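Visitor: My structure file entry-v9.pdb, PDB, C-alpha atoms, is below:
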ATOM      1  CA  MET A   1     -62.479 192.223 179.780
ATOM      2  CA  ILE A   2     -63.113 195.939 179.339
ATOM      3  CA  ALA A   3     -63.248 196.894 175.675
ATOM      4  CA  GLY A   4     -60.115 198.697 174.588
ATOM      5  CA  VAL A   5     -57.802 196.770 176.877
ATOM      6  CA  THR A   6     -55.275 194.620 175.035
ATOM      7  CA  GLY A   7     -54.521 191.643 177.265
ATOM      8  CA  ASP A   8     -53.608 193.216 180.582
ATOM      9  CA  ARG A   9     -52.302 196.406 178.959
ATOM     10  CA  PRO A  10     -54.435 199.536 179.263
ATOM     11  CA  THR A  11     -54.952 201.555 176.116
ATOM     12  CA  SER A  12     -55.679 205.177 175.304
ATOM     13  CA  ARG A  13     -58.215 206.334 172.735
ATOM     14  CA  LEU A  14     -57.871 209.474 170.681
ATOM     15  CA  LEU A  15     -60.942 210.833 168.923
ATOM     16  CA  LEU A  16     -60.713 213.840 166.640
ATOM     17  CA  ALA A  17     -62.539 215.804 163.976
ATOM     18  CA  CYS A  18     -61.102 218.555 161.793
ATOM     19  CA  PRO A  19     -61.065 219.998 158.276
ATOM     20  CA  ASP A  20     -59.826 217.343 155.871
ATOM     21  CA  GLN A  21     -56.400 217.766 154.297
ATOM     22  CA  PRO A  22     -53.455 215.581 153.239
ATOM     23  CA  GLY A  23     -51.125 214.275 155.931
ATOM     24  CA  LEU A  24     -53.490 214.031 158.893
ATOM     25  CA  ILE A  25     -53.074 210.292 159.444
ATOM     26  CA  ALA A  26     -49.304 210.574 159.046
ATOM     27  CA  ALA A  27     -49.144 213.487 161.472
ATOM     28  CA  VAL A  28     -51.056 211.679 164.236
ATOM     29  CA  SER A  29     -49.252 208.368 163.671
ATOM     30  CA  GLY A  30     -45.891 210.110 163.649
ATOM     31  CA  PHE A  31     -46.673 211.957 166.872
ATOM     32  CA  LEU A  32     -47.495 208.700 168.657
ATOM     33  CA  ALA A  33     -44.484 206.919 167.164
ATOM     34  CA  ASP A  34     -42.176 209.700 168.352
ATOM     35  CA  ALA A  35     -43.669 209.243 171.829
ATOM     36  CA  GLY A  36     -42.868 205.505 171.671
ATOM     37  CA  LEU A  37     -46.529 204.490 171.714
ATOM     38  CA  ASN A  38     -47.745 201.522 169.669
ATOM     39  CA  ILE A  39     -51.008 201.945 167.722
ATOM     40  CA  THR A  40     -53.327 198.946 168.193
ATOM     41  CA  ASP A  41     -56.408 200.084 166.252
ATOM     42  CA  ALA A  42     -57.284 202.935 163.889
ATOM     43  CA  ASP A  43     -60.339 204.085 161.937
ATOM     44  CA  GLN A  44     -60.882 207.205 159.878
ATOM     45  CA  HIS A  45     -63.540 208.746 157.656
ATOM     46  CA  SER A  46     -63.699 211.771 155.373
ATOM     47  CA  THR A  47     -67.036 213.328 154.415
ATOM     48  CA  ALA A  48     -68.047 214.948 151.138
ATOM     49  CA  GLU A  49     -68.312 218.203 153.079
ATOM     50  CA  GLY A  50     -64.588 218.115 153.842
ATOM     51  CA  ARG A  51     -64.581 216.934 157.453
ATOM     52  CA  PHE A  52     -62.145 214.303 158.723
ATOM     53  CA  PHE A  53     -62.878 211.967 161.633
ATOM     54  CA  MET A  54     -60.507 209.572 163.358
ATOM     55  CA  ARG A  55     -60.471 207.110 166.243
ATOM     56  CA  MET A  56     -57.056 205.772 167.176
ATOM     57  CA  VAL A  57     -56.250 203.325 169.978
ATOM     58  CA  PHE A  58     -52.702 203.033 171.301
ATOM     59  CA  ASP A  59     -50.757 201.696 174.269
ATOM     60  CA  ALA A  60     -51.462 203.999 177.194
ATOM     61  CA  PRO A  61     -48.534 206.085 178.430
ATOM     62  CA  PRO A  62     -47.713 205.896 182.152
ATOM     63  CA  ASP A  63     -50.044 207.941 184.339
ATOM     64  CA  GLY A  64     -47.372 210.513 185.077
ATOM     65  CA  GLU A  65     -46.762 211.178 181.372
ATOM     66  CA  ARG A  66     -50.346 211.457 180.113
ATOM     67  CA  GLU A  67     -50.921 215.114 180.927
ATOM     68  CA  ALA A  68     -47.734 216.184 179.180
ATOM     69  CA  LEU A  69     -48.588 214.057 176.140
ATOM     70  CA  HIS A  70     -52.064 215.570 175.915
ATOM     71  CA  ARG A  71     -50.645 219.076 176.209
ATOM     72  CA  ARG A  72     -48.062 218.459 173.487
ATOM     73  CA  PHE A  73     -50.716 217.016 171.173
ATOM     74  CA  ALA A  74     -52.898 220.078 171.675
ATOM     75  CA  GLU A  75     -50.036 222.424 170.892
ATOM     76  CA  GLU A  76     -48.295 220.540 168.078
ATOM     77  CA  LEU A  77     -51.248 219.000 166.185
ATOM     78  CA  ALA A  78     -54.665 220.081 167.419
ATOM     79  CA  ALA A  79     -54.033 223.816 167.130
ATOM     80  CA  PRO A  80     -52.411 223.909 163.661
ATOM     81  CA  PHE A  81     -54.840 221.361 162.172
ATOM     82  CA  GLU A  82     -57.921 222.935 163.872
ATOM     83  CA  MET A  83     -58.810 219.659 165.586
ATOM     84  CA  ASP A  84     -61.630 219.064 167.998
ATOM     85  CA  HIS A  85     -60.239 216.179 169.991
ATOM     86  CA  ARG A  86     -60.333 214.254 173.232
ATOM     87  CA  PHE A  87     -58.483 211.387 174.902
ATOM     88  CA  ALA A  88     -60.117 208.551 176.840
ATOM     89  CA  GLU A  89     -58.536 205.784 178.909
ATOM     90  CA  SER A  90     -59.583 202.134 178.988
ATOM     91  CA  ASP A  91     -58.551 201.852 182.647
ATOM     92  CA  ALA A  92     -61.077 204.554 183.616
ATOM     93  CA  PRO A  93     -64.438 202.843 182.864
ATOM     94  CA  LYS A  94     -67.407 205.148 182.380
ATOM     95  CA  ARG A  95     -69.995 205.486 185.133
ATOM     96  CA  VAL A  96     -73.465 204.712 183.778
ATOM     97  CA  ALA A  97     -76.954 205.190 185.218
ATOM     98  CA  ILE A  98     -80.172 203.736 183.803
ATOM     99  CA  MET A  99     -83.646 205.262 183.884
ATOM    100  CA  VAL A 100     -86.629 202.986 183.254
ATOM    101  CA  SER A 101     -90.400 202.890 183.631
ATOM    102  CA  ARG A 102     -92.526 199.723 183.694
ATOM    103  CA  GLU A 103     -91.213 197.805 180.676
ATOM    104  CA  ASP A 104     -88.032 196.042 181.743
ATOM    105  CA  HIS A 105     -86.769 194.266 178.608
ATOM    106  CA  CYS A 106     -84.016 196.819 177.931
ATOM    107  CA  LEU A 107     -83.156 197.145 181.621
ATOM    108  CA  SER A 108     -82.846 193.374 182.061
ATOM    109  CA  ASP A 109     -80.631 193.095 178.995
ATOM    110  CA  LEU A 110     -78.281 195.845 180.182
ATOM    111  CA  LEU A 111     -78.105 194.327 183.671
ATOM    112  CA  TRP A 112     -77.145 190.968 182.153
ATOM    113  CA  ARG A 113     -74.457 192.573 179.996
ATOM    114  CA  TRP A 114     -73.122 194.429 183.036
ATOM    115  CA  ARG A 115     -73.038 191.267 185.185
ATOM    116  CA  SER A 116     -71.249 189.311 182.442
ATOM    117  CA  GLY A 117     -68.623 192.025 181.993
ATOM    118  CA  GLU A 118     -69.759 192.643 178.423
ATOM    119  CA  LEU A 119     -70.894 196.219 179.031
ATOM    120  CA  GLY A 120     -67.397 197.459 179.838
ATOM    121  CA  ALA A 121     -68.647 200.161 182.207
ATOM    122  CA  GLU A 122     -69.456 200.759 185.855
ATOM    123  CA  LEU A 123     -73.209 200.666 186.449
ATOM    124  CA  VAL A 124     -73.894 202.935 189.405
ATOM    125  CA  ALA A 125     -77.682 203.310 189.753
ATOM    126  CA  VAL A 126     -81.126 202.633 188.334
ATOM    127  CA  VAL A 127     -83.809 205.315 188.595
ATOM    128  CA  SER A 128     -87.477 204.667 187.893
ATOM    129  CA  ASN A 129     -90.795 206.463 188.160
ATOM    130  CA  HIS A 130     -92.298 203.122 189.251
ATOM    131  CA  PRO A 131     -91.198 200.746 192.053
ATOM    132  CA  ASP A 132     -91.683 197.599 189.939
ATOM    133  CA  HIS A 133     -88.019 196.701 189.353
ATOM    134  CA  ALA A 134     -86.605 197.406 192.796
ATOM    135  CA  ASP A 135     -86.085 193.749 193.726
ATOM    136  CA  GLN A 136     -84.452 192.880 190.408
ATOM    137  CA  VAL A 137     -81.969 195.743 190.737
ATOM    138  CA  THR A 138     -81.163 195.572 194.442
ATOM    139  CA  SER A 139     -80.627 191.803 194.265
ATOM    140  CA  LEU A 140     -77.563 192.626 192.153
ATOM    141  CA  GLY A 141     -76.229 195.028 194.758
ATOM    142  CA  LEU A 142     -77.111 198.129 192.743
ATOM    143  CA  PRO A 143     -78.857 201.213 194.124
ATOM    144  CA  PHE A 144     -82.485 201.591 193.007
ATOM    145  CA  HIS A 145     -84.144 204.997 193.295
ATOM    146  CA  HIS A 146     -87.895 205.330 192.955
ATOM    147  CA  VAL A 147     -88.675 208.898 191.916
ATOM    148  CA  GLU A 148     -92.384 209.275 191.270
ATOM    149  CA  VAL A 149     -93.294 211.821 188.598
ATOM    150  CA  GLU A 150     -96.602 213.464 189.397
ATOM    151  CA  LYS A 151     -98.326 215.464 186.686
ATOM    152  CA  ASP A 152     -98.107 218.817 188.452
ATOM    153  CA  ALA A 153     -94.750 218.229 190.163
ATOM    154  CA  LYS A 154     -92.460 217.159 187.335
ATOM    155  CA  ALA A 155     -89.922 219.866 188.160
ATOM    156  CA  ASP A 156     -89.609 218.515 191.708
ATOM    157  CA  ALA A 157     -89.027 214.992 190.390
ATOM    158  CA  GLU A 158     -86.357 216.210 187.964
ATOM    159  CA  ALA A 159     -84.643 218.151 190.737
ATOM    160  CA  GLN A 160     -84.533 214.976 192.828
ATOM    161  CA  MET A 161     -83.095 212.988 189.920
ATOM    162  CA  LEU A 162     -80.478 215.656 189.239
ATOM    163  CA  GLU A 163     -79.417 215.482 192.864
ATOM    164  CA  LEU A 164     -78.824 211.758 192.380
ATOM    165  CA  LEU A 165     -77.129 211.904 188.975
ATOM    166  CA  ALA A 166     -75.645 215.283 188.035
ATOM    167  CA  GLY A 167     -71.861 215.218 188.269
ATOM    168  CA  GLU A 168     -71.875 211.533 189.248
ATOM    169  CA  ILE A 169     -72.145 209.785 185.874
ATOM    170  CA  ASP A 170     -70.616 209.780 182.400
ATOM    171  CA  LEU A 171     -73.690 208.436 180.589
ATOM    172  CA  LEU A 172     -77.432 208.230 181.200
ATOM    173  CA  VAL A 173     -79.346 205.453 179.445
ATOM    174  CA  LEU A 174     -83.094 205.770 179.011
ATOM    175  CA  ALA A 175     -84.088 202.104 178.864
ATOM    176  CA  ARG A 176     -87.751 202.686 177.996
ATOM    177  CA  TYR A 177     -88.175 205.591 180.404
ATOM    178  CA  MET A 178     -91.600 206.887 179.434
ATOM    179  CA  GLN A 179     -91.319 210.459 180.654
ATOM    180  CA  ILE A 180     -90.168 213.430 178.592
ATOM    181  CA  LEU A 181     -87.107 215.073 180.131
ATOM    182  CA  SER A 182     -87.066 218.858 180.108
ATOM    183  CA  ALA A 183     -84.416 220.960 178.403
ATOM    184  CA  GLY A 184     -83.379 222.247 181.821
ATOM    185  CA  PHE A 185     -82.827 218.711 183.099
ATOM    186  CA  LEU A 186     -80.652 217.832 180.116
ATOM    187  CA  ARG A 187     -78.556 220.978 180.567
ATOM    188  CA  GLU A 188     -78.090 220.433 184.290
ATOM    189  CA  LEU A 189     -77.301 216.741 183.839
ATOM    190  CA  GLY A 190     -74.098 217.741 182.067
ATOM    191  CA  THR A 191     -73.469 214.457 180.257
ATOM    192  CA  ALA A 192     -74.707 212.433 177.294
ATOM    193  CA  ALA A 193     -78.011 210.570 177.404
ATOM    194  CA  ILE A 194     -79.105 207.783 175.045
ATOM    195  CA  ASN A 195     -82.738 206.886 174.323
ATOM    196  CA  ILE A 196     -84.379 203.934 172.561
ATOM    197  CA  HIS A 197     -87.722 203.868 170.784
ATOM    198  CA  HIS A 198     -89.595 201.904 168.142
ATOM    199  CA  SER A 199     -89.053 202.718 164.487
ATOM    200  CA  PHE A 200     -92.627 203.802 163.740
ATOM    201  CA  LEU A 201     -91.883 207.454 164.505
ATOM    202  CA  PRO A 202     -92.947 209.876 163.160
ATOM    203  CA  ALA A 203     -95.745 207.917 161.448
ATOM    204  CA  PHE A 204     -97.333 206.487 164.609
ATOM    205  CA  VAL A 205     -96.828 208.930 167.462
ATOM    206  CA  GLY A 206     -98.322 208.386 170.904
ATOM    207  CA  ALA A 207    -100.143 205.419 172.401
ATOM    208  CA  ASP A 208    -100.611 201.958 170.842
ATOM    209  CA  PRO A 209     -98.181 202.328 167.920
ATOM    210  CA  TYR A 210     -98.075 198.553 167.348
ATOM    211  CA  GLN A 211    -101.861 198.357 167.115
ATOM    212  CA  ARG A 212    -101.954 201.146 164.549
ATOM    213  CA  ALA A 213     -99.005 199.691 162.652
ATOM    214  CA  HIS A 214    -100.814 196.355 162.488
ATOM    215  CA  GLU A 215    -103.950 198.057 161.216
ATOM    216  CA  ARG A 216    -101.923 199.686 158.433
ATOM    217  CA  GLY A 217    -100.225 196.428 157.443
ATOM    218  CA  VAL A 218     -96.689 197.538 158.265
ATOM    219  CA  LYS A 219     -94.096 195.098 156.893
ATOM    220  CA  LEU A 220     -90.953 196.410 158.606
ATOM    221  CA  ILE A 221     -90.525 197.122 162.287
ATOM    222  CA  GLY A 222     -87.421 198.123 164.171
ATOM    223  CA  ALA A 223     -85.815 200.410 166.714
ATOM    224  CA  THR A 224     -83.699 203.553 166.889
ATOM    225  CA  ALA A 225     -81.166 204.542 169.553
ATOM    226  CA  HIS A 226     -80.111 208.170 169.609
ATOM    227  CA  TYR A 227     -78.648 210.866 171.800
ATOM    228  CA  VAL A 228     -81.245 212.853 173.723
ATOM    229  CA  THR A 229     -81.607 216.510 172.803
ATOM    230  CA  GLU A 230     -84.104 219.210 173.641
ATOM    231  CA  GLU A 231     -86.039 218.341 170.474
ATOM    232  CA  LEU A 232     -88.045 215.201 171.238
ATOM    233  CA  ASP A 233     -86.788 212.029 169.494
ATOM    234  CA  ALA A 234     -84.668 214.066 167.075
ATOM    235  CA  GLY A 235     -81.148 213.622 168.473
ATOM    236  CA  PRO A 236     -78.205 212.223 166.499
ATOM    237  CA  ILE A 237     -78.804 208.562 165.698
ATOM    238  CA  ILE A 238     -76.272 206.016 166.972
ATOM    239  CA  ASP A 239     -77.790 202.692 165.933
ATOM    240  CA  GLN A 240     -80.857 201.263 164.194
ATOM    241  CA  ASP A 241     -82.157 197.907 163.056
ATOM    242  CA  VAL A 242     -85.240 196.457 161.367
ATOM    243  CA  THR A 243     -86.808 193.093 160.651
ATOM    244  CA  ARG A 244     -89.550 192.013 158.286
ATOM    245  CA  VAL A 245     -92.993 191.026 159.543
ATOM    246  CA  SER A 246     -96.077 189.830 157.701
ATOM    247  CA  HIS A 247     -99.858 189.611 157.812
ATOM    248  CA  ARG A 248     -99.429 186.471 159.942
ATOM    249  CA  ASP A 249     -97.998 188.499 162.831
ATOM    250  CA  GLU A 250    -100.577 189.753 165.291
ATOM    251  CA  VAL A 251    -100.108 192.801 167.532
ATOM    252  CA  ALA A 252     -98.590 190.680 170.313
ATOM    253  CA  ASP A 253     -96.076 189.247 167.840
ATOM    254  CA  LEU A 254     -95.093 192.712 166.651
ATOM    255  CA  MET A 255     -94.572 193.857 170.232
ATOM    256  CA  ARG A 256     -92.417 190.823 171.046
ATOM    257  CA  ILE A 257     -90.294 191.286 167.933
ATOM    258  CA  GLY A 258     -90.024 195.003 168.659
ATOM    259  CA  ARG A 259     -88.779 194.375 172.186
ATOM    260  CA  ASP A 260     -86.073 192.041 170.887
ATOM    261  CA  ILE A 261     -84.836 194.659 168.421
ATOM    262  CA  GLU A 262     -84.948 197.417 171.040
ATOM    263  CA  ARG A 263     -82.751 195.387 173.393
ATOM    264  CA  LEU A 264     -80.131 194.760 170.734
ATOM    265  CA  VAL A 265     -80.082 198.265 169.274
ATOM    266  CA  LEU A 266     -79.851 199.949 172.671
ATOM    267  CA  ALA A 267     -77.047 197.627 173.786
ATOM    268  CA  ARG A 268     -75.064 198.330 170.611
ATOM    269  CA  ALA A 269     -75.520 202.079 170.990
ATOM    270  CA  VAL A 270     -74.513 202.078 174.650
ATOM    271  CA  LYS A 271     -71.462 199.926 173.947
ATOM    272  CA  ALA A 272     -70.407 202.167 171.051
ATOM    273  CA  HIS A 273     -70.558 205.202 173.340
ATOM    274  CA  ILE A 274     -68.744 203.454 176.173
ATOM    275  CA  GLU A 275     -65.968 202.390 173.802
ATOM    276  CA  ASP A 276     -65.661 205.960 172.447
ATOM    277  CA  ARG A 277     -66.665 204.921 168.936
ATOM    278  CA  VAL A 278     -69.159 207.743 168.329
ATOM    279  CA  LEU A 279     -68.216 211.169 166.991
ATOM    280  CA  LEU A 280     -70.808 213.862 166.360
ATOM    281  CA  ASP A 281     -71.055 215.370 162.890
ATOM    282  CA  GLY A 282     -73.592 218.138 163.343
ATOM    283  CA  SER A 283     -76.980 216.458 163.744
ATOM    284  CA  SER A 284     -75.542 213.137 162.578
ATOM    285  CA  THR A 285     -72.908 210.727 163.867
ATOM    286  CA  VAL A 286     -69.832 208.873 162.710
ATOM    287  CA  VAL A 287     -69.750 205.480 164.446
ATOM    288  CA  PHE A 288     -66.537 203.493 164.123
TER     289      PHE A 288
END
Would you put the structure from the file into structure tokens?

Guide:
Amino acid sequence: MIAGVTGDRPTSRLLLACPDQPGLIAAVSGFLADAGLNITDADQHSTAEGRFFMRMVFDAPPDGEREALHRRFAEELAAPFEMDHRFAESDAPKRVAIMVSREDHCLSDLLWRWRSGELGAELVAVVSNHPDHADQVTSLGLPFHHVEVEKDAKADAEAQMLELLAGEIDLLVLARYMQILSAGFLRELGTAAINIHHSFLPAFVGADPYQRAHERGVKLIGATAHYVTEELDAGPIIDQDVTRVSHRDEVADLMRIGRDIERLVLARAVKAHIEDRVLLDGSSTVVF
């Protein structure tokens, strides 16, 4: 079942952010009630800085009535309340592409969730700078694109990847893709991208972070999933998790535990985005 679908009934999702003031929940609820639309789920949050965030799920109007409903909402509520808002439909699953390098633990987890129907999205392609996972991906009937990234020809590789992805997807997932994407690539891609990395940043940057963490006697390890921005590993955080380790855990143990956390954190972040549960609040996020 695709998340957001109640039984066999499609649902619509409304996400909004605006200056906080009394009556916002009543105004949105009343608008939907007047349109004869039943609310099935609602979340809201007000910040100390005076911003209001809401995610509301309701029975989807017929296709022929959606455009008029969206237009009326923009005129009657969004404009007077200074709302940034968007609608999303559960019967229009997002198109997702995955980029990966040699480590396949996050890729394999996402493929399993897609096959089981848990992901709630349409997986359209896997792109890698190594050919290692071609058989795993193509055996599932998915396109696999090997785009080698040579040191002095990175721009050519990015141009090839943009030709494959730009305008074709709603989300790009970097499932341990070990190449830095340029600012130009991110701009031309034209859609959100989510990355996953270990939690040792910024303390242990670069190669062998688990070895150096072990040498320092680190007692907590984890993972962070965030949106990709032009500033490396500094995008708005969507999900994180940690677990305790001890002096008994060797480097191989830390790496195994880290991979498990990365799989879970990335899956939760991707699912939150697919289900339209993430709203940006400057450099931070509100995740319902």

Visitor: Of the candidates A:Arg66, A:Arg113, A:Arg13, A:Lys151, which one gets nearest to Arg86 in chain A if we count only C-alpha atoms?

Guide: A:Arg13

Visitor: Give the answer as one residue: which of A:Val126, A:Ala192, A:Ala213, A:Val149 has the shortest atom-to-atom distance to Met178 in chain A, using only C-alpha atoms?

Guide: A:Val149

Visitor: Could you pull out every residue with an atom within 12 Å of (-43.5, 208.3, 170.5), file coordinates, counting only C-alpha atoms, and send them as a short mmCIF file (atom, residue, chain, number, x, y, z; two decimals) with C-alpha atoms, in the coordinates of the input?

Guide:
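Result went into point.cif, see below:
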data_model
loop_
_atom_site.label_atom_id
_atom_site.label_comp_id
_atom_site.auth_asym_id
_atom_site.auth_seq_id
_atom_site.Cartn_x
_atom_site.Cartn_y
_atom_site.Cartn_z
CA ALA A 27 -49.14 213.49 161.47
CA VAL A 28 -51.06 211.68 164.24
CA SER A 29 -49.25 208.37 163.67
CA GLY A 30 -45.89 210.11 163.65
CA PHE A 31 -46.67 211.96 166.87
CA LEU A 32 -47.50 208.70 168.66
CA ALA A 33 -44.48 206.92 167.16
CA ASP A 34 -42.18 209.70 168.35
CA ALA A 35 -43.67 209.24 171.83
CA GLY A 36 -42.87 205.50 171.67
CA LEU A 37 -46.53 204.49 171.71
CA ASN A 38 -47.74 201.52 169.67
CA ILE A 39 -51.01 201.94 167.72
CA PHE A 58 -52.70 203.03 171.30
CA ASP A 59 -50.76 201.70 174.27
CA ALA A 60 -51.46 204.00 177.19
CA PRO A 61 -48.53 206.08 178.43
CA GLU A 65 -46.76 211.18 181.37
CA LEU A 69 -48.59 214.06 176.14
CA ARG A 72 -48.06 218.46 173.49
CA PHE A 73 -50.72 217.02 171.17
#

Visitor: Measure the distance from CA of Gln160 in chain A to CA of Asp233 in chain A in Å and round it to one decimal.

Guide: 23.6 Å

Visitor: Carefully work through the PyMOL selection byres ((chain A and resi 136-140) around 10) for this structure and note down the residues it includes, as a compact mmCIF listing (two decimals) with C-alpha atoms, keeping the file's coordinate frame.

Guide:
# COMPACT_ATOMS: atom_id res chain seq x y z
CA ASP A 104 -88.03 196.04 181.74
CA LEU A 107 -83.16 197.14 181.62
CA SER A 108 -82.85 193.37 182.06
CA LEU A 111 -78.10 194.33 183.67
CA ARG A 115 -73.04 191.27 185.18
CA ALA A 125 -77.68 203.31 189.75
CA VAL A 126 -81.13 202.63 188.33
CA VAL A 127 -83.81 205.32 188.60
CA ASP A 132 -91.68 197.60 189.94
CA HIS A 133 -88.02 196.70 189.35
CA ALA A 134 -86.60 197.41 192.80
CA ASP A 135 -86.08 193.75 193.73
CA GLY A 141 -76.23 195.03 194.76
CA LEU A 142 -77.11 198.13 192.74
CA PRO A 143 -78.86 201.21 194.12
CA PHE A 144 -82.48 201.59 193.01
CA HIS A 145 -84.14 205.00 193.30

Visitor: Once the PyMOL selection byres ((chain A and resi 15) around 7) has been applied to the shown file, what residues remain in the selection, as a PyMOL selection string?

Guide: chain A and resi 13-14+16+54-56+85-87

Visitor: Using the partial input, fill out range 78-97 of chain A with N, CA and C atoms; write the result as a JSON list (two decimals), keeping the file's coordinate frame.

Guide:
[["chain", "number", "residue", "atom", "x", "y", "z"],
["A", 78, "ALA", "N", -53.28, 219.63, 167.36],
["A", 78, "ALA", "CA", -54.66, 220.08, 167.42],
["A", 78, "ALA", "C", -54.81, 221.54, 167.00],
["A", 79, "ALA", "N", -53.93, 222.39, 167.48],
["A", 79, "ALA", "CA", -54.03, 223.82, 167.13],
["A", 79, "ALA", "C", -53.77, 224.07, 165.64],
["A", 80, "PRO", "N", -52.65, 223.62, 165.08],
["A", 80, "PRO", "CA", -52.41, 223.91, 163.66],
["A", 80, "PRO", "C", -53.39, 223.24, 162.70],
["A", 81, "PHE", "N", -53.91, 222.06, 163.06],
["A", 81, "PHE", "CA", -54.84, 221.36, 162.17],
["A", 81, "PHE", "C", -56.31, 221.65, 162.51],
["A", 82, "GLU", "N", -56.56, 222.55, 163.47],
["A", 82, "GLU", "CA", -57.92, 222.94, 163.87],
["A", 82, "GLU", "C", -58.75, 221.71, 164.29],
["A", 83, "MET", "N", -58.16, 220.89, 165.15],
["A", 83, "MET", "CA", -58.81, 219.66, 165.59],
["A", 83, "MET", "C", -59.67, 219.87, 166.83],
["A", 84, "ASP", "N", -60.87, 219.33, 166.78],
["A", 84, "ASP", "CA", -61.63, 219.06, 168.00],
["A", 84, "ASP", "C", -61.24, 217.66, 168.42],
["A", 85, "HIS", "N", -60.74, 217.50, 169.63],
["A", 85, "HIS", "CA", -60.24, 216.18, 169.99],
["A", 85, "HIS", "C", -60.43, 215.92, 171.48],
["A", 86, "ARG", "N", -60.35, 214.64, 171.82],
["A", 86, "ARG", "CA", -60.33, 214.25, 173.23],
["A", 86, "ARG", "C", -59.65, 212.91, 173.37],
["A", 87, "PHE", "N", -59.09, 212.67, 174.55],
["A", 87, "PHE", "CA", -58.48, 211.39, 174.90],
["A", 87, "PHE", "C", -59.38, 210.68, 175.91],
["A", 88, "ALA", "N", -59.40, 209.36, 175.85],
["A", 88, "ALA", "CA", -60.12, 208.55, 176.84],
["A", 88, "ALA", "C", -59.25, 207.36, 177.19],
["A", 89, "GLU", "N", -59.40, 206.86, 178.42],
["A", 89, "GLU", "CA", -58.54, 205.78, 178.91],
["A", 89, "GLU", "C", -59.36, 204.54, 179.21],
["A", 90, "SER", "N", -58.87, 203.39, 178.75],
["A", 90, "SER", "CA", -59.58, 202.13, 178.99],
["A", 90, "SER", "C", -59.58, 201.73, 180.45],
["A", 91, "ASP", "N", -58.60, 202.22, 181.23],
["A", 91, "ASP", "CA", -58.55, 201.85, 182.65],
["A", 91, "ASP", "C", -59.35, 202.81, 183.52],
["A", 92, "ALA", "N", -60.17, 203.67, 182.88],
["A", 92, "ALA", "CA", -61.08, 204.55, 183.62],
["A", 92, "ALA", "C", -62.49, 204.32, 183.08],
["A", 93, "PRO", "N", -63.13, 203.18, 183.43],
["A", 93, "PRO", "CA", -64.44, 202.84, 182.86],
["A", 93, "PRO", "C", -65.49, 203.90, 183.18],
["A", 94, "LYS", "N", -66.37, 204.13, 182.23],
["A", 94, "LYS", "CA", -67.41, 205.15, 182.38],
["A", 94, "LYS", "C", -68.43, 204.72, 183.42],
["A", 95, "ARG", "N", -68.95, 205.71, 184.13],
["A", 95, "ARG", "CA", -70.00, 205.49, 185.13],
["A", 95, "ARG", "C", -71.35, 205.72, 184.47],
["A", 96, "VAL", "N", -72.21, 204.70, 184.52],
["A", 96, "VAL", "CA", -73.46, 204.71, 183.78],
["A", 96, "VAL", "C", -74.64, 204.57, 184.75],
["A", 97, "ALA", "N", -75.69, 205.35, 184.50],
["A", 97, "ALA", "CA", -76.95, 205.19, 185.22],
["A", 97, "ALA", "C", -78.05, 204.88, 184.21]]
